[in-house]
Amino acid sequence: MALKTKDLRGMSDEQIGLTLKDTEKHLFQLRFQSATDRLETPSEIRKAKRDVARVKTIQRERELEKLGKLPADQLATRITTLEGRVKENVPGKRTAFRQAKRLKRFHAAKTPAKAGAAGAAGAAGAAGAAGATAKATAKKGSGK
């Protein structure tokens, strides 16, 4: 049941979703056979895992491509929605937090950075580096 990347790229999103579902089901069956000592070829589990990873990679590439095309204001709306979900005590809170974190990176790349904020961050970074140097020097001197 080895899936080729070229074939996967030619499929629609719905077909890829179905393929993923079938491959995961096949992997489950293989694991079940392995647990009951009925698995003839143990390498099939590894192949199935790789197929699942291949399909998920294609899905993620397409998701990133779609996110890249979204305007910054729509990204901001999605981030706000996800952060609202994180604040509520609902299942999927961790996933929403991770998605919001990823979207924030996309949003930061799309929106131009303000010169004042960059300057302040640079000054803070320089102050932090100077502090680290002073601590390192103090450590060397205190050991004698």
# chains A, B, ... in the order shown; residues from 1 in each chain; ligands from 1
>>> select_by_dssp(residues="region 39-128 of chain A", states="helix (DSSP H, G or I)", output="number ranges by chain")
A: 43-69, 72-87, 93-110, 115-128
>>> residues_around(residues="Leu3 (chain A)", least_positions_apart="4", cutoff="9 Å", atoms="only C-alpha atoms", output="PyMOL selection string")
chain A and resi 7-8+51+54-55
>>> write_last_selection(atoms="C-alpha atoms", output="short mmCIF file (atom, residue, chain, number, x, y, z; two decimals), in the first residue's frame")
data_model
loop_
_atom_site.label_atom_id
_atom_site.label_comp_id
_atom_site.auth_asym_id
_atom_site.auth_seq_id
_atom_site.Cartn_x
_atom_site.Cartn_y
_atom_site.Cartn_z
CA ASP A 7 0.39 10.54 -6.51
CA LEU A 8 -0.50 12.32 -3.25
CA ASP A 51 2.86 6.54 4.55
CA ARG A 54 4.01 11.35 4.03
CA VAL A 55 0.29 12.14 3.87
#
>>> atom_distance(atom1="CA of Lys101 (chain A)", atom2="CA of Leu82 (chain A)")
9.4 Å
>>> atom_distance(atom1="CA of Arg78 (chain A)", atom2="CA of Gly92 (chain A)")
15.5 Å
>>> atom_distance(atom1="CA of Lys69 (chain A)", atom2="CA of Thr81 (chain A)")
19.0 Å
>>> closest_residue(among="A:Ala35, A:Ala76, A:Ala100, A:Leu20", to="Ala48 (chain A)", atoms="only C-alpha atoms")
A:Leu20
>>> closest_residue(among="A:Lys87, A:Arg31, A:Lys66, A:Lys93", to="Phe106 (chain A)", atoms="only C-alpha atoms")
A:Lys66
>>> residues_around(residues="Ala2 (chain A)", least_positions_apart="6", cutoff="12 Å", atoms="only C-alpha atoms", output="list in words")
Leu8, Thr19, Thr23, His26, Ser43, Glu44, Ile45, Arg46, Lys47, Ala48, Lys49, Arg50, Asp51, Val52, Ala53, Arg54 and Val55 of chain A
>>> write_last_selection(atoms="C-alpha atoms", output="PDB file, in the first residue's frame")
ATOM      1  CA  LEU A   8      -0.498  12.315  -3.250  1.00  0.00           C
ATOM      2  CA  THR A  19      -6.221   8.338   2.258  1.00  0.00           C
ATOM      3  CA  THR A  23      -3.705   4.421   6.082  1.00  0.00           C
ATOM      4  CA  HIS A  26      -4.416  -0.074   8.078  1.00  0.00           C
ATOM      5  CA  SER A  43       8.285  -4.196   7.950  1.00  0.00           C
ATOM      6  CA  GLU A  44       4.701  -3.406   6.930  1.00  0.00           C
ATOM      7  CA  ILE A  45       4.256  -1.410  10.155  1.00  0.00           C
ATOM      8  CA  ARG A  46       7.240   0.778   9.299  1.00  0.00           C
ATOM      9  CA  LYS A  47       5.938   1.288   5.749  1.00  0.00           C
ATOM     10  CA  ALA A  48       2.497   2.232   7.029  1.00  0.00           C
ATOM     11  CA  LYS A  49       3.993   4.725   9.506  1.00  0.00           C
ATOM     12  CA  ARG A  50       5.979   6.327   6.713  1.00  0.00           C
ATOM     13  CA  ASP A  51       2.862   6.543   4.549  1.00  0.00           C
ATOM     14  CA  VAL A  52       1.001   8.303   7.366  1.00  0.00           C
ATOM     15  CA  ALA A  53       3.887  10.734   7.783  1.00  0.00           C
ATOM     16  CA  ARG A  54       4.013  11.351   4.030  1.00  0.00           C
ATOM     17  CA  VAL A  55       0.293  12.141   3.866  1.00  0.00           C
TER      18      VAL A  55
END
>>> residues_around(residues="Leu64 (chain A)", least_positions_apart="4", cutoff="12 Å", atoms="only C-alpha atoms", output="list in words")
Thr57, Ile58, Gln59, Arg60, Gly68, Lys69, Leu70, Gln99, Arg102, Leu103, Arg105 and Phe106 of chain A
